[in-house]
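**Q** Next up, start12.tsv (TSV, C-alpha atoms).
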chain	number	residue	atom	x	y	z
P	1	MET	CA	-51.12	-69.78	-10.02
P	2	SER	CA	-48.41	-70.50	-12.56
P	3	LYS	CA	-47.16	-74.03	-13.02
P	4	PRO	CA	-44.13	-75.23	-11.03
P	5	VAL	CA	-40.98	-75.11	-13.16
P	6	ILE	CA	-38.68	-78.14	-13.46
P	7	ALA	CA	-35.10	-78.29	-14.73
P	8	THR	CA	-33.04	-81.46	-15.19
P	9	THR	CA	-29.46	-82.29	-16.08
P	10	SER	CA	-27.15	-85.25	-16.46
P	11	LEU	CA	-23.66	-84.80	-14.99
P	12	ALA	CA	-21.42	-87.88	-14.75
P	13	GLY	CA	-24.34	-90.16	-15.52
P	14	CYS	CA	-25.49	-92.36	-18.40
P	15	PHE	CA	-28.89	-90.71	-19.05
P	16	GLY	CA	-30.52	-93.85	-17.63
P	17	CYS	CA	-32.24	-91.77	-14.95
P	18	HIS	CA	-33.66	-89.48	-17.65
P	19	MET	CA	-34.88	-92.60	-19.45
P	20	SER	CA	-36.57	-93.58	-16.21
P	21	ILE	CA	-38.29	-90.16	-16.13
P	22	LEU	CA	-39.69	-90.99	-19.58
P	23	ASP	CA	-40.64	-94.41	-18.20
P	24	ILE	CA	-43.61	-92.82	-16.39
P	25	ASP	CA	-45.28	-93.60	-19.75
P	26	GLU	CA	-48.62	-91.90	-20.44
P	27	ARG	CA	-48.36	-90.00	-17.16
P	28	ILE	CA	-45.95	-87.74	-19.04
P	29	LEU	CA	-49.05	-86.09	-20.54
P	30	GLN	CA	-50.29	-85.41	-17.00
P	31	LEU	CA	-46.83	-84.14	-16.07
P	32	ILE	CA	-46.90	-81.61	-18.91
P	33	GLU	CA	-50.26	-80.38	-17.56
P	34	LEU	CA	-48.84	-80.10	-14.04
P	35	VAL	CA	-45.42	-78.56	-14.66
P	36	GLU	CA	-43.37	-76.52	-17.07
P	37	PHE	CA	-39.87	-77.61	-18.10
P	38	ASN	CA	-36.97	-75.16	-18.24
P	39	LYS	CA	-33.28	-76.03	-18.77
P	40	SER	CA	-33.36	-79.75	-19.51
P	41	PRO	CA	-32.33	-82.30	-22.14
P	42	VAL	CA	-36.06	-83.17	-22.29
P	43	ASP	CA	-36.89	-79.90	-24.11
P	44	ASP	CA	-33.33	-78.98	-25.11
P	45	ILE	CA	-33.38	-75.58	-23.36
P	46	LYS	CA	-29.66	-74.96	-22.75
P	47	THR	CA	-29.68	-72.16	-20.16
P	48	PHE	CA	-31.92	-71.11	-17.30
P	49	THR	CA	-34.46	-68.55	-18.54
P	50	LYS	CA	-36.41	-68.14	-15.29
P	51	PRO	CA	-36.29	-69.17	-11.61
P	52	VAL	CA	-36.89	-72.90	-11.25
P	53	ASP	CA	-38.80	-74.69	-8.49
P	54	ILE	CA	-37.46	-78.23	-8.78
P	55	GLY	CA	-34.01	-79.15	-10.14
P	56	ILE	CA	-33.34	-82.82	-10.85
P	57	ILE	CA	-29.70	-83.93	-10.97
P	58	GLU	CA	-28.57	-87.17	-12.55
P	59	GLY	CA	-24.96	-88.25	-12.12
P	60	GLY	CA	-22.17	-87.26	-9.75
P	61	CYS	CA	-19.38	-84.72	-10.29
P	62	CYS	CA	-16.35	-86.07	-12.15
P	63	ASN	CA	-15.05	-82.84	-13.73
P	64	SER	CA	-15.02	-79.06	-13.40
P	65	GLU	CA	-17.93	-78.63	-15.80
P	66	ASN	CA	-20.12	-80.92	-13.67
P	67	VAL	CA	-19.33	-78.78	-10.62
P	68	GLU	CA	-20.15	-75.59	-12.49
P	69	VAL	CA	-23.49	-76.94	-13.79
P	70	LEU	CA	-24.39	-78.30	-10.35
P	71	LYS	CA	-23.64	-74.93	-8.73
P	72	SER	CA	-25.75	-73.12	-11.33
P	73	PHE	CA	-28.61	-75.53	-10.55
P	74	ARG	CA	-28.27	-74.78	-6.85
P	75	LYS	CA	-28.33	-71.07	-7.61
P	76	ASN	CA	-31.38	-71.23	-9.90
P	77	CYS	CA	-33.49	-73.93	-8.24
P	78	LYS	CA	-35.45	-73.76	-4.99
P	79	ILE	CA	-35.36	-77.52	-4.49
P	80	LEU	CA	-32.63	-79.89	-5.71
P	81	ILE	CA	-33.12	-83.64	-6.06
P	82	SER	CA	-30.28	-86.14	-6.44
P	83	LEU	CA	-31.71	-88.70	-8.84
P	84	GLY	CA	-30.10	-92.14	-8.89
P	85	GLU	CA	-27.03	-93.84	-7.44
P	86	CYS	CA	-24.46	-91.77	-9.38
P	87	ALA	CA	-25.80	-88.47	-8.03
P	88	ILE	CA	-26.10	-89.98	-4.55
P	89	MET	CA	-22.77	-91.81	-4.26
P	90	GLY	CA	-20.85	-91.34	-7.49
P	91	GLY	CA	-22.08	-94.66	-8.90
P	92	LEU	CA	-20.05	-96.58	-11.46
P	93	PRO	CA	-17.84	-93.60	-12.43
P	94	ALA	CA	-16.74	-93.55	-8.77
P	95	LEU	CA	-15.10	-96.97	-9.28
P	96	ARG	CA	-12.07	-94.88	-10.26
P	97	ASN	CA	-11.98	-93.23	-6.84
P	98	GLY	CA	-8.78	-94.23	-5.10
P	99	ILE	CA	-6.91	-94.72	-8.38
P	100	PRO	CA	-4.67	-91.76	-9.32
P	101	ILE	CA	-5.95	-89.69	-12.30
P	102	GLU	CA	-2.78	-90.28	-14.27
P	103	GLU	CA	-3.18	-94.05	-13.99
P	104	CYS	CA	-6.82	-93.80	-15.13
P	105	LEU	CA	-5.95	-91.68	-18.16
P	106	HIS	CA	-3.04	-93.94	-19.03
P	107	GLU	CA	-5.31	-96.98	-18.94
P	108	ALA	CA	-7.96	-95.21	-21.03
P	109	TYR	CA	-5.72	-93.70	-23.71
P	110	ILE	CA	-2.37	-95.48	-23.76
P	111	GLY	CA	-2.03	-98.75	-21.85
P	112	GLY	CA	-5.53	-100.23	-22.05
P	113	PRO	CA	-6.34	-103.20	-24.35
P	114	THR	CA	-8.80	-101.22	-26.51
P	115	VAL	CA	-6.67	-98.19	-27.42
P	116	GLY	CA	-5.24	-99.62	-30.65
P	117	LEU	CA	-6.18	-96.61	-32.79
P	118	ASN	CA	-4.32	-94.14	-30.58
P	119	LYS	CA	-0.96	-94.97	-32.18
P	120	MET	CA	0.59	-91.63	-31.18
P	121	GLY	CA	-0.28	-92.27	-27.53
P	122	ILE	CA	-2.00	-88.91	-27.19
P	123	MET	CA	-3.63	-88.09	-23.89
P	124	PRO	CA	-6.33	-85.37	-24.13
P	125	ASN	CA	-4.91	-82.23	-22.58
P	126	ASP	CA	-6.54	-79.07	-23.87
P	127	ASP	CA	-7.62	-75.95	-21.99
P	128	GLU	CA	-11.04	-76.28	-23.62
P	129	LEU	CA	-11.65	-79.63	-21.95
P	130	PRO	CA	-13.13	-79.70	-18.47
P	131	MET	CA	-10.58	-80.63	-15.81
P	132	LEU	CA	-11.04	-84.07	-14.27
P	133	LEU	CA	-11.49	-84.01	-10.50
P	134	ASP	CA	-9.28	-86.11	-8.22
P	135	LYS	CA	-12.27	-88.39	-7.69
P	136	VAL	CA	-15.98	-88.57	-8.48
P	137	TYR	CA	-17.98	-86.69	-5.86
P	138	PRO	CA	-21.56	-87.33	-4.76
P	139	CYS	CA	-23.60	-84.16	-5.51
P	140	HIS	CA	-24.39	-83.50	-1.84
P	141	GLU	CA	-20.67	-83.23	-1.11
P	142	ILE	CA	-20.51	-80.24	-3.53
P	143	VAL	CA	-23.80	-78.36	-2.88
P	144	LYS	CA	-26.76	-78.80	-0.55
P	145	ILE	CA	-29.20	-81.36	-1.94
P	146	ASP	CA	-32.75	-81.41	-0.56
P	147	TYR	CA	-34.03	-84.85	-1.57
P	148	PHE	CA	-32.56	-88.17	-2.68
P	149	LEU	CA	-34.19	-90.74	-4.93
P	150	PRO	CA	-32.06	-93.92	-5.03
P	151	GLY	CA	-32.03	-96.55	-7.76
P	152	CYS	CA	-30.11	-97.52	-10.87
P	153	PRO	CA	-32.22	-96.22	-12.37
P	154	PRO	CA	-34.75	-94.98	-9.80
P	155	ARG	CA	-38.09	-96.63	-10.55
P	156	ALA	CA	-40.42	-94.48	-12.68
P	157	ASP	CA	-43.07	-94.78	-9.95
P	158	LEU	CA	-40.64	-93.38	-7.40
P	159	ILE	CA	-39.89	-90.36	-9.61
P	160	TRP	CA	-43.58	-89.83	-10.33
P	161	ASP	CA	-44.58	-90.14	-6.66
P	162	ALA	CA	-41.82	-87.74	-5.60
P	163	LEU	CA	-42.81	-85.09	-8.17
P	164	VAL	CA	-46.52	-85.40	-7.32
P	165	ALA	CA	-45.72	-85.18	-3.60
P	166	LEU	CA	-43.57	-82.07	-4.13
P	167	ILE	CA	-46.17	-80.36	-6.32
P	168	THR	CA	-49.22	-81.21	-4.21
P	169	GLY	CA	-47.52	-81.06	-0.82
P	170	ASP	CA	-48.84	-84.51	0.13
P	171	PRO	CA	-46.49	-86.94	1.93
P	172	MET	CA	-44.83	-89.69	-0.14
P	173	LYS	CA	-46.03	-93.25	0.31
P	174	LEU	CA	-42.74	-95.01	-0.51
P	175	PRO	CA	-43.91	-98.62	-1.02
P	176	TYR	CA	-41.18	-101.27	-0.52
P	177	GLU	CA	-40.84	-102.13	-4.23
P	178	VAL	CA	-39.90	-98.63	-5.39
P	179	VAL	CA	-36.91	-97.88	-3.15
P	180	LYS	CA	-34.08	-99.95	-4.61
P	181	PHE	CA	-30.35	-99.37	-5.00
P	182	ASP	CA	-30.02	-101.17	-8.35
I	1	MET	CA	-40.90	-126.33	33.47
I	2	SER	CA	-38.70	-124.16	35.67
I	3	ASN	CA	-36.40	-123.85	32.69
I	4	LEU	CA	-38.93	-121.62	30.90
I	5	ILE	CA	-38.79	-117.89	31.52
I	6	LYS	CA	-41.03	-115.01	30.50
I	7	PHE	CA	-39.87	-111.73	29.00
I	8	LYS	CA	-41.25	-108.94	26.84
I	9	ILE	CA	-40.17	-107.46	23.51
I	10	ASP	CA	-41.84	-104.13	22.73
I	11	GLY	CA	-44.57	-105.04	25.20
I	12	VAL	CA	-45.28	-108.43	23.60
I	13	GLU	CA	-45.26	-111.32	26.08
I	14	CYS	CA	-42.65	-113.91	25.07
I	15	MET	CA	-41.41	-117.18	26.53
I	16	THR	CA	-38.15	-119.05	26.07
I	17	GLU	CA	-35.71	-121.42	27.69
I	18	ARG	CA	-33.24	-120.01	30.18
I	19	GLY	CA	-29.83	-119.24	28.66
I	20	LYS	CA	-30.98	-118.34	25.14
I	21	PHE	CA	-29.77	-115.15	23.53
I	22	ILE	CA	-32.37	-112.44	22.85
I	23	VAL	CA	-32.03	-112.70	19.04
I	24	GLU	CA	-32.86	-116.42	18.92
I	25	ALA	CA	-35.52	-116.16	21.64
I	26	ALA	CA	-37.17	-113.33	19.68
I	27	LEU	CA	-37.16	-115.45	16.52
I	28	GLU	CA	-38.83	-118.34	18.42
I	29	ASN	CA	-41.54	-115.90	19.42
I	30	GLY	CA	-42.00	-114.59	15.89
I	31	ILE	CA	-40.19	-111.31	16.36
I	32	PHE	CA	-37.45	-110.27	13.92
I	33	ILE	CA	-34.36	-108.50	15.17
I	34	PRO	CA	-31.91	-107.72	12.32
I	35	THR	CA	-28.44	-109.31	12.38
I	36	LEU	CA	-25.38	-109.09	10.16
I	37	CYS	CA	-22.43	-110.64	11.98
I	38	ASN	CA	-24.65	-113.16	13.75
I	39	MET	CA	-26.18	-116.23	12.15
I	40	PRO	CA	-27.90	-119.32	13.56
I	41	GLY	CA	-25.52	-122.03	14.73
I	42	VAL	CA	-22.55	-119.71	15.13
I	43	LYS	CA	-21.13	-118.38	18.39
I	44	PRO	CA	-22.23	-114.73	18.60
I	45	LYS	CA	-19.66	-111.97	18.52
I	46	GLY	CA	-21.67	-108.74	18.84
I	47	SER	CA	-19.44	-106.79	16.47
I	48	CYS	CA	-21.79	-105.25	13.91
I	49	ARG	CA	-24.19	-103.80	16.53
I	50	ILE	CA	-27.16	-103.93	14.14
I	51	CYS	CA	-29.09	-106.12	16.62
I	52	THR	CA	-28.83	-103.43	19.31
I	53	VAL	CA	-31.84	-103.27	21.63
I	54	LYS	CA	-32.58	-101.25	24.75
I	55	ILE	CA	-32.84	-103.02	28.09
I	56	ASN	CA	-33.31	-101.06	31.31
I	57	GLY	CA	-32.32	-97.88	29.51
I	58	ARG	CA	-29.07	-99.38	28.25
I	59	LEU	CA	-28.14	-100.32	24.70
I	60	MET	CA	-27.15	-103.98	24.38
I	61	THR	CA	-26.44	-106.30	21.46
I	62	SER	CA	-29.23	-108.86	21.48
I	63	CYS	CA	-27.09	-111.58	19.88
I	64	THR	CA	-24.77	-111.70	22.89
I	65	THR	CA	-27.22	-110.91	25.70
I	66	PRO	CA	-29.02	-113.90	27.26
I	67	VAL	CA	-32.69	-113.45	28.14
I	68	ALA	CA	-33.36	-112.94	31.87
I	69	ASP	CA	-36.62	-113.64	33.66
I	70	GLY	CA	-39.00	-110.68	33.38
I	71	MET	CA	-36.66	-108.78	31.05
I	72	GLU	CA	-38.26	-105.96	29.04
I	73	VAL	CA	-36.65	-105.41	25.65
I	74	GLU	CA	-37.20	-102.40	23.40
I	75	SER	CA	-36.44	-103.26	19.78
I	76	ASN	CA	-38.76	-101.88	17.10
I	77	SER	CA	-38.85	-98.28	18.39
I	78	THR	CA	-38.06	-95.08	16.51
I	79	GLU	CA	-34.89	-94.54	18.55
I	80	ILE	CA	-33.51	-98.05	18.03
I	81	ASN	CA	-34.45	-98.15	14.33
I	82	GLU	CA	-32.79	-94.78	13.80
I	83	LEU	CA	-29.64	-96.15	15.46
I	84	ARG	CA	-29.71	-99.25	13.23
I	85	LYS	CA	-30.20	-97.09	10.17
I	86	SER	CA	-27.09	-95.08	11.05
I	87	ILE	CA	-25.10	-98.32	11.46
I	88	VAL	CA	-26.20	-99.38	7.96
I	89	GLU	CA	-25.19	-95.95	6.64
I	90	LEU	CA	-21.77	-96.18	8.31
I	91	LEU	CA	-21.21	-99.62	6.73
I	92	PHE	CA	-22.17	-98.23	3.32
I	93	VAL	CA	-19.75	-95.28	3.48
I	94	SER	CA	-16.83	-97.20	5.02
I	95	GLY	CA	-16.57	-99.67	2.12
I	96	ASN	CA	-17.16	-99.46	-1.62
I	97	HIS	CA	-20.72	-100.71	-1.97
I	98	PHE	CA	-21.68	-100.19	-5.61
I	99	CYS	CA	-25.07	-101.91	-5.59
I	100	PRO	CA	-25.78	-101.47	-9.33
I	101	ALA	CA	-22.67	-103.47	-10.24
I	102	CYS	CA	-22.79	-106.09	-7.48
I	103	GLU	CA	-23.58	-109.74	-8.14
I	104	LYS	CA	-25.19	-110.06	-4.71
I	105	SER	CA	-27.57	-107.13	-5.26
I	106	GLY	CA	-31.11	-108.18	-4.41
I	107	ASN	CA	-29.84	-110.98	-2.18
I	108	CYS	CA	-27.59	-108.80	-0.01
I	109	GLU	CA	-28.47	-108.49	3.66
I	110	LEU	CA	-26.79	-105.10	4.07
I	111	GLN	CA	-28.72	-103.72	1.10
I	112	ALA	CA	-31.94	-105.29	2.45
I	113	LEU	CA	-31.39	-103.46	5.73
I	114	GLY	CA	-30.92	-100.25	3.74
I	115	TYR	CA	-34.33	-100.94	2.19
I	116	LEU	CA	-35.87	-101.82	5.56
I	117	TYR	CA	-34.76	-98.57	7.16
I	118	GLN	CA	-35.44	-96.60	3.94
I	119	MET	CA	-31.90	-95.31	3.59
I	120	MET	CA	-32.20	-92.77	0.76
I	121	VAL	CA	-28.63	-91.54	1.23
I	122	PRO	CA	-26.02	-92.18	3.95
I	123	ARG	CA	-25.68	-89.11	6.18
I	124	TYR	CA	-21.92	-89.62	6.48
I	125	PRO	CA	-19.21	-88.73	3.96
I	126	TYR	CA	-18.10	-91.53	1.63
I	127	GLU	CA	-14.66	-92.85	2.41
I	128	PHE	CA	-13.97	-94.59	-0.95
I	129	PRO	CA	-11.13	-96.70	0.49
I	130	LEU	CA	-8.72	-98.37	-1.92
I	131	ARG	CA	-9.23	-102.12	-1.54
I	132	GLU	CA	-8.10	-105.22	-3.40
I	133	VAL	CA	-10.04	-107.93	-5.19
I	134	ASP	CA	-8.48	-111.37	-4.70
I	135	ALA	CA	-9.41	-113.59	-7.67
I	136	ASP	CA	-6.43	-115.98	-7.40
I	137	SER	CA	-8.39	-118.90	-6.03
I	138	PRO	CA	-9.87	-121.25	-8.66
I	139	TYR	CA	-13.41	-121.25	-7.27
I	140	ILE	CA	-14.16	-118.02	-5.45
I	141	ILE	CA	-13.48	-114.28	-5.55
I	142	LYS	CA	-12.88	-112.32	-2.36
I	143	ASP	CA	-13.76	-108.67	-2.95
I	144	GLN	CA	-12.42	-106.54	-0.08
I	145	ASN	CA	-14.38	-103.51	-1.30
I	146	ARG	CA	-17.57	-105.08	-0.03
I	147	CYS	CA	-16.37	-106.91	3.09
I	148	ILE	CA	-17.97	-105.76	6.35
I	149	LEU	CA	-15.68	-107.94	8.52
I	150	CYS	CA	-18.59	-109.89	10.00
I	151	LYS	CA	-16.43	-113.00	10.44
I	152	ARG	CA	-19.23	-115.34	9.31
I	153	CYS	CA	-16.98	-116.98	6.69
I	154	ILE	CA	-14.14	-117.45	9.17
I	155	LYS	CA	-16.48	-119.24	11.54
I	156	THR	CA	-18.44	-121.38	9.09
I	157	ILE	CA	-16.25	-122.19	6.07
I	158	LYS	CA	-13.87	-124.95	7.14
I	159	ASP	CA	-12.25	-127.93	5.46
I	160	GLU	CA	-12.64	-131.56	6.57
I	161	GLN	CA	-9.98	-131.13	9.21
I	162	GLY	CA	-11.74	-128.13	10.69
I	163	ARG	CA	-9.30	-125.57	9.33
I	164	SER	CA	-10.82	-122.18	8.46
I	165	LEU	CA	-10.38	-121.12	4.83
I	166	PHE	CA	-10.67	-117.47	5.82
I	167	ALA	CA	-8.76	-115.52	8.45
I	168	PHE	CA	-8.32	-112.03	9.83
I	169	ARG	CA	-5.17	-110.19	8.76
I	170	ASP	CA	-3.72	-107.00	10.23
I	171	ARG	CA	-5.40	-104.79	12.81
I	172	GLY	CA	-7.46	-101.63	13.26
I	173	HIS	CA	-8.58	-99.88	10.09
I	174	ARG	CA	-6.27	-102.14	8.04
I	175	LEU	CA	-8.07	-105.27	9.27
I	176	GLU	CA	-9.28	-107.53	6.48
I	177	VAL	CA	-10.63	-111.03	5.94
I	178	VAL	CA	-8.32	-112.97	3.65
I	179	LEU	CA	-8.55	-116.31	1.91
I	180	ASP	CA	-5.97	-119.05	2.53
I	181	LYS	CA	-4.73	-119.78	-1.00
I	182	GLU	CA	-3.66	-123.39	-0.36
I	183	LEU	CA	-6.88	-124.40	1.36
I	184	ALA	CA	-8.97	-122.48	-1.20
I	185	ALA	CA	-7.36	-124.39	-4.08
I	186	GLU	CA	-8.81	-127.61	-2.72
I	187	MET	CA	-12.26	-126.45	-1.70
I	188	THR	CA	-15.31	-128.26	-3.04
I	189	PRO	CA	-17.89	-126.45	-5.23
I	190	GLU	CA	-20.42	-127.02	-2.44
I	191	LEU	CA	-18.21	-125.25	0.08
I	192	ALA	CA	-17.73	-122.38	-2.37
I	193	GLU	CA	-21.50	-122.04	-2.72
I	194	LEU	CA	-21.90	-122.11	1.06
I	195	ALA	CA	-19.25	-119.38	1.46
I	196	MET	CA	-21.12	-117.15	-0.97
I	197	LYS	CA	-24.44	-117.89	0.75
I	198	ASN	CA	-23.13	-117.23	4.26
I	199	CYS	CA	-21.56	-113.90	3.26
I	200	PRO	CA	-24.18	-111.24	4.11
I	201	VAL	CA	-22.81	-108.96	1.36
I	202	GLY	CA	-21.18	-109.56	-2.03
I	203	SER	CA	-17.64	-110.00	-0.72
I	204	ILE	CA	-17.45	-113.73	-1.47
I	205	LEU	CA	-18.54	-114.74	-4.96
I	206	VAL	CA	-18.50	-118.08	-6.74
I	207	LYS	CA	-16.51	-117.74	-9.95
I	208	GLU	CA	-18.18	-117.90	-13.35
I	209	LYS	CA	-21.56	-117.36	-11.78
I	210	GLY	CA	-23.40	-114.12	-11.31
I	211	PHE	CA	-26.73	-112.41	-11.84
I	212	VAL	CA	-28.37	-115.86	-11.94
I	213	GLU	CA	-31.76	-114.63	-10.77
I	214	PRO	CA	-33.38	-111.83	-12.79
I	215	ILE	CA	-34.34	-108.54	-11.15
I	216	GLY	CA	-37.74	-108.97	-9.56
I	217	LYS	CA	-37.13	-112.59	-8.51
I	218	ARG	CA	-34.32	-112.05	-6.02
I	219	LYS	CA	-34.77	-112.56	-2.30
I	220	PHE	CA	-35.32	-108.96	-1.23
I	221	ASP	CA	-36.86	-107.51	-4.42
I	222	LYS	CA	-40.46	-107.74	-3.26
I	223	THR	CA	-40.26	-108.77	0.38
I	224	ALA	CA	-38.39	-107.01	3.17
I	225	ILE	CA	-35.74	-108.78	5.23
I	226	GLY	CA	-37.38	-110.40	8.26
I	227	SER	CA	-40.85	-110.35	6.73
I	228	ASP	CA	-40.89	-114.17	6.79
I	229	VAL	CA	-40.76	-114.00	10.59
I	230	LYS	CA	-44.38	-113.87	11.74
I	231	LEU	CA	-45.81	-113.17	15.15
Here is a file; write its structure as C-alpha cells.

**A**
Amino acid sequence: MSKPVIATTSLAGCFGCHMSILDIDERILQLIELVEFNKSPVDDIKTFTKPVDIGIIEGGCCNSENVEVLKSFRKNCKILISLGECAIMGGLPALRNGIPIEECLHEAYIGGPTVGLNKMGIMPNDDELPMLLDKVYPCHEIVKIDYFLPGCPPRADLIWDALVALITGDPMKLPYEVVKFD
Amino acid sequence: MSNLIKFKIDGVECMTERGKFIVEAALENGIFIPTLCNMPGVKPKGSCRICTVKINGRLMTSCTTPVADGMEVESNSTEINELRKSIVELLFVSGNHFCPACEKSGNCELQALGYLYQMMVPRYPYEFPLREVDADSPYIIKDQNRCILCKRCIKTIKDEQGRSLFAFRDRGHRLEVVLDKELAAEMTPELAELAMKNCPVGSILVKEKGFVEPIGKRKFDKTAIGSDVKL
C-alpha cells in the first residue's frame, strides 16, 4: 500500500501552527516514514501533483486568495483538518470583524501611528492583489471541514496523535492537557 | 434530624438539609455540577442554564431548584453533557471570545467548560458582534466582547454603602453590563481584584496587570474545572 499523502497550507495565519507541526521533534523522522508530503510549505511543493488524503489548513479566510486555496484543498483532499484557532474561528485576524474594511485600511496605511513612511497616503489597490473579504471567515464557513484541532498553536502532541489516529484508524485519546484554546 | 433529606444524583445516595439548592447540595456530597452565573453566597438566577439537570424527565436549573425528599437527579449523563456543551458553544459564538489574546485565558471558567466538554469547534455560526471596550475607569477595564451577562459582578461588587458598581443597561440583544464611572473612580484595588476574580470570563480586568501566571501554571492548564470536588 502506498503511503498516505499530506498537504498543508497557511491562509490568514502566522505559520505558528506549522511551527507546532515541526515541534513533534524527532517524531518527524517517523512521520516521513509514515506519510508523503505533497503541496506544503514544508517541502515547498507549490501545486497539487496527485490526490491527497489529508489536508491541513492553518489560518482563516481573510481574502479571495485564501478562499481559492481553501477550495482547491477541498477539491484535492479526502480529509480536511482545521488546525488552530485562526482556521477554527478566524483568530486574531478576526479582531477586525465588525469594523468596516475602509476603516481598517485607513488605520493600516494612512491614519495609524506607524505609517510615517507612507507620505503619499497610498492605499494598496491593484488588480493583482487579492481582494480583502468583508470579514475573516472560519474555514468551515467556506468549505466542509472534517476535523478540528484547537490551540494557539495546537500542541504538537495533539497534531501527532491526530495524524497517527487518522493513518492507523485508531481512536484518539485526547488527554486533558493537549486540548487548549491558547 | 427531620431537617435532613435523602436524594440521588446519577444514582449516588446523597443527603442534605431541607431547602438547599441542588447545586450546593451536590457540592456538599462531593458531586460537581458546572455553574457560570451562579456562585456561592449569591442569590441564584438560573440564567446561564449550564447547571441544567434532569428531574422526573424535565430539564431544570439546579442552582434554582431546591432538593426534595427522594428526588432523583440526572446530571453527568451523555444527554445532559451534550446540552451543556451546546450552551458553551452558543456562549462562544455569541460574543467575541479570542482565547489566544485574552488575559483570563487559563483561568477562565467558560474556557474551562469548553475543555471539560471537549469543544473542538462550536457547531453554530460565529456572530462576531461589534462591542465596546470601556477603559475609562482608573482601575479596571470592562470588555463587552467577552461579557456573558452572568450578573455576578452586579451582585457582588458593591461599595461601602451597598451600591453596585455594575448595572444592566438596555434590553434584549442590546443588553449589557456597564460600569458606573463615578463609583468606579473611587473603588479600592482590593475591590478591583475581587471584580476580576468573580468574573467567570475575561470581561473585567485589573488595569496594568495581565498574563501574571505563565502558561502551564494557570488554574485550568492541567486540571479540569470541578476536579477539586471529590466524591

**Q** When you look at P:Pro100 with a cut-off of 10 Å (counting only C-alpha atoms), what residues show up, excluding the ones that are within fewer than 5 positions of it in the same chain? I need them as a ChimeraX atom specification.

**A** /P:105,134-135

**Q** Can you build me a table of chain P residues sitting at most 9 Å from chain I, with the closest atom pair per residue and its distance in Å to one decimal, using only C-alpha atoms, sorted by chain and residue number, as CSV?

**A**
residue,atom,partner,partner_atom,distance
P:Glu85,CA,I:Pro100,CA,8.0
P:Ile88,CA,I:Val121,CA,6.5
P:Met89,CA,I:Tyr126,CA,7.5
P:Gly91,CA,I:Phe98,CA,6.4
P:Leu92,CA,I:Phe98,CA,7.1
P:Ala94,CA,I:Phe128,CA,8.4
P:Leu95,CA,I:Phe98,CA,8.2
P:Asn97,CA,I:Phe128,CA,6.4
P:Gly98,CA,I:Leu130,CA,5.2
P:Ile99,CA,I:Leu130,CA,7.6
P:Tyr137,CA,I:Tyr126,CA,8.9
P:Pro138,CA,I:Tyr126,CA,8.4
P:Glu141,CA,I:Pro125,CA,7.6
P:Tyr147,CA,I:Met120,CA,8.5
P:Phe148,CA,I:Met120,CA,5.8
P:Leu149,CA,I:Met120,CA,6.4
P:Pro150,CA,I:Met120,CA,5.9
P:Gly151,CA,I:Pro100,CA,8.1
P:Cys152,CA,I:Pro100,CA,6.1
P:Pro153,CA,I:Pro100,CA,8.8
P:Leu174,CA,I:Gln118,CA,8.7
P:Tyr176,CA,I:Lys222,CA,7.1
P:Glu177,CA,I:Lys222,CA,5.7
P:Val179,CA,I:Tyr115,CA,6.7
P:Lys180,CA,I:Tyr115,CA,6.9
P:Phe181,CA,I:Cys99,CA,5.9
P:Asp182,CA,I:Pro100,CA,4.4

**Q** Between P:Asp53, P:Asp161, P:Asp170, P:Glu58, which has the minimum distance to P:Gly16 (counting all atoms listed in the file)?

**A**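 Comparing P:Asp53, P:Asp161, P:Asp170, P:Glu58 against P:Gly16, the winner is P:Glu58.
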
**Q** Can you tell me how far atom CA of I:Ile141 sits from atom CA of I:Leu205, in Å to one decimal?

**A**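 Here the two named atoms are 5.1 Å from each other.
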
**Q** P:Cys17, P:Met120, P:Leu70, P:Leu29: which is nearest P:Lys144, counting all atoms listed in the file?

**A**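 Closest residue, counting all atoms listed in the file: P:Leu70.
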
**Q** Show me, as a list in words, the residues that have an atom within 6 Å of stretch 6-16 of chain I when counting all atoms listed in the file, minus same-chain residues fewer than 3 positions from it.

**A**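 Residues meeting the cut-off are Ala25, Asp69, Gly70, Met71, Glu72, Val73 and Glu74 of chain I.
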
**Q** As a PyMOL selection string, please: the residues near stretch 148-162 of chain I (cut-off 10 Å, only C-alpha atoms, same-chain neighbours under 5 positions excluded).

**A** chain I and resi 36-39+41-48+91-92+94-95+110+167-168+175-179+183-184+186-188+191-192+194-204

**Q** Around the point (-27.2, -89.4, -13.4), in the coordinates given by the file, pick out the residues reaching within 7 Å, counting all atoms listed in the file, and return them as a list of chain:residue names.

**A**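 Protein, DNA and RNA residues close to (-27.2, -89.4, -13.4): P:Ser10, P:Leu11, P:Ala12, P:Gly13, P:Cys14, P:Phe15, P:Gly16, P:Cys17, P:Ile57, P:Glu58, P:Gly59, P:Gly60, P:Leu83, P:Gly84, P:Cys86, P:Ala87.
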
**Q** What lies within 12 Å of P:Asp23 using all atoms listed in the file, ignoring chain neighbours under 4 positions off, as a short mmCIF file (atom, residue, chain, number, x, y, z; two decimals) with C-alpha atoms, keeping the file's coordinate frame?

**A**
data_model
loop_
_atom_site.label_atom_id
_atom_site.label_comp_id
_atom_site.auth_asym_id
_atom_site.auth_seq_id
_atom_site.Cartn_x
_atom_site.Cartn_y
_atom_site.Cartn_z
CA GLY P 16 -30.52 -93.85 -17.63
CA CYS P 17 -32.24 -91.77 -14.95
CA HIS P 18 -33.66 -89.48 -17.65
CA MET P 19 -34.88 -92.60 -19.45
CA ARG P 27 -48.36 -90.00 -17.16
CA ILE P 28 -45.95 -87.74 -19.04
CA PRO P 153 -32.22 -96.22 -12.37
CA PRO P 154 -34.75 -94.98 -9.80
CA ARG P 155 -38.09 -96.63 -10.55
CA ALA P 156 -40.42 -94.48 -12.68
CA ASP P 157 -43.07 -94.78 -9.95
CA LEU P 158 -40.64 -93.38 -7.40
CA ILE P 159 -39.89 -90.36 -9.61
CA TRP P 160 -43.58 -89.83 -10.33
#

**Q** Record the distance separating atom CA of I:Arg146 and atom CA of P:Pro113, expressed in Å with one decimal.

**A**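 Between atom CA of I:Arg146 and atom CA of P:Pro113 the gap is 26.9 Å.
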
**Q** Just the number, please: distance in Å from atom CA of P:Gly111 to atom CA of P:Leu132, one decimal.

**A**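 Rounded to one decimal, the two atoms are 18.8 Å apart.
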
**Q** Here is a test: counting only C-alpha atoms, which residue of I:Ile50, I:Ile5, I:Leu165, I:Leu27 is nearest to I:Leu113?

**A**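 Of I:Ile50, I:Ile5, I:Leu165, I:Leu27, the one nearest I:Leu113, counting only C-alpha atoms, is I:Ile50.
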